[in-house]
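A.B. asks: Okay, handing you the structure first.
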Amino acid sequence: MDRRSFLTRASVGGAAAAAGTTLAAPAIAQEMPSINWRMASSFPTSLDTIYGGGPELAKRLEEATDGKFKIQVFAAGELVPGLDAINATTDGTVECAHSVGYYNWGKDPAFACGADLPFTFSGRAKAAYNYHGGGLEKYNQFLEQYDLISFPGGNTGTQMGGWYRKEINTLADLQGLKMRIAGLAGRVVSKLGVVPQQIAGGDIYASLEKGTIDATEWVGPYDDSKLGFQKVAPYYYYPGFWEGGPTVSFFFNKAQWDQLPDNYKSLVRSCAQATDQNMLAKYDSKNPAALKELVASGAKLRPFSEEILTAAFEAANEVYAELSAENEWFKTQYEAMLQFRDDWYLYAQTSEYTFDTFMMIQQRNGKLAP
């Protein structure tokens, strides 16, 4: 750099500063409109990890736009019931929602495809399918008819299989079992003899304690630890085969979305993806300690038998065949998942699975801790 030129420019800048000249704000900041949206969450604030995805997106957007783009997040029940958050976005009551697609499966089974289907993906596989396997594009093609556009906004990872008042060793133990389990998963387990029950989160403990239900599924160790289920239904089973990698999503009213400037749309997509991956990392960091605490307080950890998992897998395939015959949008999305799933689990048997298995053996042998 030419020294004289540099000194000249520095002197001019210094003189301007000394004279009190105010530098103009960057043009991009001047062009950013002020936007204030409302978001309806399907989750209570007590579930800080899953609810936290909404405030996290809002915080990231506000910071990235110097306060120009603000989203006020309302917990379940504050504006609308948690299960109505997506519908409230469709009808324009709010501009956006933080929810899970399968909450709307009764309205249209194809909503569930954007969240999770039993025996499809793990959290990592679902992210690959969403972002690079065409999953997100296919889901948004379906959502257009409901005036929505969606982006992933969190994942819990593979959930636990729930809490039971008695041991579940064989398929016979499932006959007549009254279980709090909703939506598509309820349709699958009903084929195994389970009687699905839809019960609000705040009523589950009392229902277990009174014997109104025999079992419940919730999420996983960190969230479950807040509810004390081990006191009345001590058998804690795994895995939650109906939720191998459930995507929590941000849903936006399409008309409102279309009015956003392109730079805001880009920020929303980027901030949503960061929130999506961060939620999974939070669960992965919190669940190990929470599981230890649950076992110490009386939870009896049990795996589902091969017999039960195999029967449930076959039942899920029956449900998918039925839904595909009834609903073209479900069929389109489900068939797109199949090829990706097959290739994923072919690959997953190699390095990742082998490494994890080896490390688990070392852990069981007590060689990982100091």
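By order of appearance in the structure tokens: chains A, B, ..., then residues from 1 within every chain, and ligands from 1 in the order shown.
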If you run DSSP on this backbone, which residues of range 212-348 of chain A come out as helix (DSSP H, G or I), and could you give them as a PyMOL selection string?

C.D. replies: chain A and resi 221-224+229-231+254-258+262-296+306-326+328-348

A.B. asks: Identify, with DSSP run on backbone atoms, the residues in range 194-332 of chain A assigned to strand (DSSP E or B), and express the list as a ChimeraX atom specification.

C.D. replies: /A:195-197,215-216,235-238,247-253,300-303

A.B. asks: Pick from A:Trp329, A:Tyr237, A:Phe313, A:Phe151: nearest to Trp218 in chain A, with only C-alpha atoms counted?

C.D. replies: A:Tyr237

A.B. asks: Applying 7 Å and only C-alpha atoms, which residues near Glu243 in chain A remain after dropping the ones on its own chain fewer than 3 positions away? List them as a list of chain:residue names.

C.D. replies: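 Near neighbours after the sequence-gap exclusion: A:Asp116, A:Leu117, A:Pro118, A:Thr158, A:Gln159, A:Gly240, A:Pro246.
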
A.B. asks: What does the file look like for those residues with N, CA, C and O atoms, as a compact mmCIF listing (two decimals), in the first residue's frame?

C.D. replies:
# COMPACT_ATOMS: atom_id res chain seq x y z
N ASP A 116 -42.53 -36.95 11.71
CA ASP A 116 -41.93 -38.27 11.85
C ASP A 116 -42.96 -39.34 11.58
O ASP A 116 -44.15 -39.17 11.86
N LEU A 117 -42.50 -40.43 11.01
CA LEU A 117 -43.30 -41.63 10.83
C LEU A 117 -42.58 -42.76 11.55
O LEU A 117 -41.35 -42.83 11.50
N PRO A 118 -43.31 -43.65 12.20
CA PRO A 118 -42.65 -44.77 12.88
C PRO A 118 -41.73 -45.56 11.94
O PRO A 118 -42.06 -45.79 10.78
N THR A 158 -33.97 -39.72 18.86
CA THR A 158 -34.84 -40.86 19.11
C THR A 158 -35.39 -40.80 20.53
O THR A 158 -34.65 -40.71 21.50
N GLN A 159 -36.71 -40.86 20.62
CA GLN A 159 -37.35 -40.73 21.93
C GLN A 159 -37.41 -42.08 22.65
O GLN A 159 -37.11 -43.13 22.09
N GLY A 240 -38.35 -45.45 21.43
CA GLY A 240 -39.64 -44.97 20.95
C GLY A 240 -39.65 -45.08 19.44
O GLY A 240 -39.34 -44.12 18.73
N PRO A 246 -37.99 -37.08 15.38
CA PRO A 246 -39.10 -36.16 15.07
C PRO A 246 -38.64 -34.72 14.85
O PRO A 246 -37.98 -34.13 15.69

A.B. asks: Show me, as a PyMOL selection string, the residues that have an atom within 10 Å of range 182-197 of chain A when counting only C-alpha atoms, minus same-chain residues fewer than 2 positions from it.

C.D. replies: chain A and resi 102-106+109+112+116-118+171-180+199-200+212-217+240-243+308+311-320

A.B. asks: Nearest to Gly298 in chain A: which of A:Tyr164, A:Phe358, A:Tyr235, A:Phe43 is it, counting only C-alpha atoms?

C.D. replies: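 Selected residue with least distance to Gly298 in chain A: A:Tyr235.
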
A.B. asks: I'd like to know which of A:Val80, A:Leu346, A:Leu294, A:Leu309 is closest to Ser225 in chain A, using only C-alpha atoms.

C.D. replies: A:Leu294

A.B. asks: I'd like to know which of A:Lys331, A:Thr156, A:Lys265, A:Gly123 is closest to Phe252 in chain A, using only C-alpha atoms.

C.D. replies: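 Checking each candidate against Phe252 in chain A, we get A:Lys265 as the closest.
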
A.B. asks: Counting only C-alpha atoms, which residue out of A:Leu227, A:Leu267, A:Ala206, A:Ile50 sits closest to Glu63 in chain A?

C.D. replies: A:Leu267

A.B. asks: Tell me which of A:Gln362, A:Thr247, A:Ser266, A:Thr93 sits closest to Arg124 in chain A, counting only C-alpha atoms.

C.D. replies: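 For Arg124 in chain A, the nearest of the given residues is A:Thr247.
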